[in-house]
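First up is the structure itself, then whatever we jot down about it.
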Amino acid sequence: MRHWGVDLGELDQDDLVALTLAGREALGDSPFDVADSVALLPEHGRAWIGRPGVEGSRSGRDWSPAFRTTRSPESATAPEGTQRVVVHAADPAAYLSLVLEVELHPGGLLRSRSTLTNTGEETYDVGAVRTALPVPERATELLDFTGRHTYERIPQRQPFSAGVHSREVRTGRTGLDAVHLLCAGEPGFGFRHGQVWAVHLGWSGNQQAYAERLSNGARVLGTGEALEHGEVRLDAGESMTTPWTYAAHGIGLDEVAGRFHAWLRSRPHAPSRPRPVTLNTWEAVYFEQSLERLTALADLGARVGAERFVLDDGWFGGRRDDTTSLGDWVVSPDVWPQGLGPLVDHVHGLGMEFGLWVEPEMVSLDSDLARAHPEWLFSAGGRRGLDSRQQQVLDLGHPGAYAHVRDQIVHLLRTYDIAYLKWDHNRYLNDAGHTPGGEPGVRAHTLAAYRLMDELRAVRPGLEIESCAGGGGRIDLGVLDRCVRVWASDCIDPLERQQIQRWTFALLPPGWVGTHVGSPRSHTTGRRHDLSFRAQTAIWGHMGIEWDLTTASEEELDVLGRWVAFHREHRDLLHGGTVVNGDHHDEDTWVHGVVAQDRSEALYGVVSVRRPVSGPGRVRLPGLDPERRYRVTVPDPGGDGVLERRPMVPWARTGVVLPGRVLAEVGLPMLPLHPEHTHLVHVGEAR
């Protein structure tokens, strides 16, 4: 691969030949001392001294394949502009063949995957099939992410030093501590400056992402599945196809994010209608479900403008707490003697859609399913794995287990008008052995989960699925081939959500990310926040409410209703615009926003996450057309007088008209804010 980075303009065939020649380094005593060519699938046989693209063997043989093309590459351009190249190659000595697919989206997102086929008679044990992309020497700094439950997507930076920086997931899902994006960039790169190269693996099972710097100067970013021993064994004629590796380059992280967002929005199954404001029942009632309580909650949800009502955990089997009934996806006759019909009808009568929480891949030991079919539970080495959250994982690699779950959920979809499933996934698969032999089963299970989602969406066209996994533990572009929403975190404390949402938006557009208004006191941190901060944090994504509204005052309901109305009024901008972040000089003040695609309008949030040492000073507004003149105002959608109780800078009282260049380069004095508060800035074309 010769170049991945800044657009080089139109190059003819002679230019490409010259570029290849110009990229050649001086060849000394050894070909291993130069790094002038990095293949998407690196090979030891081509003097690659780092991690190889293919690892595997045939009883110890054929472990270092050397692929050569078997025909001319196939190239095509789709009507929407995606350029596609397919390369066919083989190693006849190792009895392996390879198909390498590469696509470049018009928005600048690159993706690649490989299909490896065993053309021999003996079984080939696959250890890894990876994709690697080169980055230049000036990419000296790495950024990736870590986290844990209720504290996802925490950024971490470090030098791109010699050796391998590898992030691996062995828990059977993308992970609460997922790498999310692995970025390499110029020193000090930020949201709006510095070249950045980033990769992401579109896969919801075990995986690895790595940055490798070799002694000969080569630097790559790579991804691939993290396969357990014996997990992929190709018999004669069998193939495996890797997940897609996605890659983007940009000037600053915002441009990288924009490439991912443009691709997601362009797909055929991307949402084509406004994202409904969602009322979820979990933090409102937990397991205390009843028709009377939930219809009262639905009434208040409709009053404040909710458009979808989601019944969370506790509606099925004997599920009165988290110790029982996962796998028994039958409506509880004790709690719902008339079934869910009366609640569904009530919700629809209020003009809202109805959604339901499910956890199809899990099973409680105290369940009819586990008692009837213990062999469907994952079991490594003849022993059951450790209980976690009083549950185990149902191995969807068993056809019977798959059919059981599918049929029960299909029955629900055909019995009730269910528009939406919140699909949870709360236990790790780190000890996932397929019975009776105990072979590793994560890959087969992940593919089966994808297939199950696809089948359910086919049964009920228009069904929307949210990916949730202990919060934000399954957020990747593999599951998002089936889902149109992710739950970013089980923590909806607005201060924590400022960071969680900021970095979730680095991969996903805001309309794909659930962002809820919680109760005055956070259920996960114990902090208390004003409604203005909670609501202003929630409006930026797929807005929702997770608060027992029956405990809210009339004033709180009115204020919340105004915030929901503001979100709905600006929803097209919030969900369809370009996400921007300001590289603000003060780390205690964050500036973020969304700019319309035609740059005619923008909405920004200015957030005080901590007390600044020296004062936040001016706020610059990125992403605007430098030549246009804009009117800048400070909206107060809640109408609760929060802004009136603070000193105001003069421009904010009447608004101000300035060119976009001035707003981006000079900025405006910030309104004084207490810590853990935020205010909006609206920008529209001056008339």
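Naming scheme: A, B, ... for chains in displayed order of the structure tokens; residues 1 onward per chain; ligands 1 onward as shown.
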Residues within 8 Å of Gly623 (chain A), only C-alpha atoms, excluding chain neighbours under 4 positions, as an NGL selection string: :A and (580 or 595 or 599 or 664)
Output all heavy atoms of each residue in that selection to a file, as a CSV table (one decimal), in the first residue's frame.
```csv
chain,number,residue,atom,x,y,z
A,580,VAL,N,-19.0,18.8,15.7
A,580,VAL,CA,-17.8,19.6,15.8
A,580,VAL,C,-17.4,19.7,17.3
A,580,VAL,O,-18.3,19.6,18.2
A,580,VAL,CB,-17.9,21.0,15.2
A,580,VAL,CG1,-18.1,20.9,13.7
A,580,VAL,CG2,-19.0,21.8,15.9
A,595,VAL,N,-23.2,21.3,13.2
A,595,VAL,CA,-23.3,22.4,12.2
A,595,VAL,C,-24.1,21.7,11.0
A,595,VAL,O,-23.8,20.6,10.6
A,595,VAL,CB,-22.0,22.9,11.7
A,595,VAL,CG1,-22.1,23.9,10.6
A,595,VAL,CG2,-21.2,23.4,12.9
A,599,ARG,N,-24.1,24.5,6.3
A,599,ARG,CA,-23.5,25.5,7.2
A,599,ARG,C,-24.4,26.7,7.4
A,599,ARG,O,-23.9,27.8,7.7
A,599,ARG,CB,-22.1,25.8,6.8
A,599,ARG,CG,-21.2,24.6,6.8
A,599,ARG,CD,-19.7,25.0,6.9
A,599,ARG,NE,-19.2,25.5,5.5
A,599,ARG,CZ,-18.0,25.8,5.3
A,599,ARG,NH1,-17.1,25.7,6.2
A,599,ARG,NH2,-17.6,26.2,4.1
A,664,ALA,N,-15.0,31.7,14.5
A,664,ALA,CA,-14.1,30.6,14.7
A,664,ALA,C,-12.7,30.9,15.2
A,664,ALA,O,-12.1,30.2,15.9
A,664,ALA,CB,-14.0,29.9,13.3
```
Identify, with DSSP run on backbone atoms, the residues in region 488-650 of chain A assigned to strand (DSSP E or B), and express the list as a ChimeraX atom specification. /A:513-518,521,528,542-546,578-581,589-595,601-608,618-619,629-633
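Between Gln390 (chain A) and the candidates A:Ile418, A:Thr550, A:Leu227, A:Arg427, the tightest atom-to-atom separation, counting only C-alpha atoms, involves A:Arg427.
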So which residues touch Arg628 (chain A) within 6 Å, counting only C-alpha atoms, skipping near sequence neighbours fewer than 2 positions away, as a list in words? Asp625, Pro626, Pro659 and Gly660 of chain A
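Interatomic distance, CA of Asp299 (chain A) to CA of Pro337 (chain A): 21.4 Å.
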Give me, as CSV, the closest atom pair and its distance (Å, one decimal) for every residue of region 208-323 of chain A within a cut-off of 12 Å of region 67-86 of chain A, counting only C-alpha atoms, rows sorted by chain and rising number.
```
residue,atom,partner,partner_atom,distance
A:Trp263,CA,A:Thr82,CA,10.1
A:Ser266,CA,A:Glu80,CA,9.1
A:Arg267,CA,A:Glu80,CA,10.5
A:Pro268,CA,A:Glu80,CA,11.4
```
Residues as selected, C-alpha atoms, written as an mmCIF file, in the first residue's frame, can you do that?
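Saved file again38.cif follows:
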```
data_model
loop_
_atom_site.group_PDB
_atom_site.id
_atom_site.type_symbol
_atom_site.label_atom_id
_atom_site.label_comp_id
_atom_site.auth_asym_id
_atom_site.auth_seq_id
_atom_site.Cartn_x
_atom_site.Cartn_y
_atom_site.Cartn_z
ATOM 1 C CA TRP A 263 -20.777 6.168 5.872
ATOM 2 C CA SER A 266 -25.473 6.454 3.719
ATOM 3 C CA ARG A 267 -26.385 2.817 4.336
ATOM 4 C CA PRO A 268 -29.739 1.493 3.061
#
```
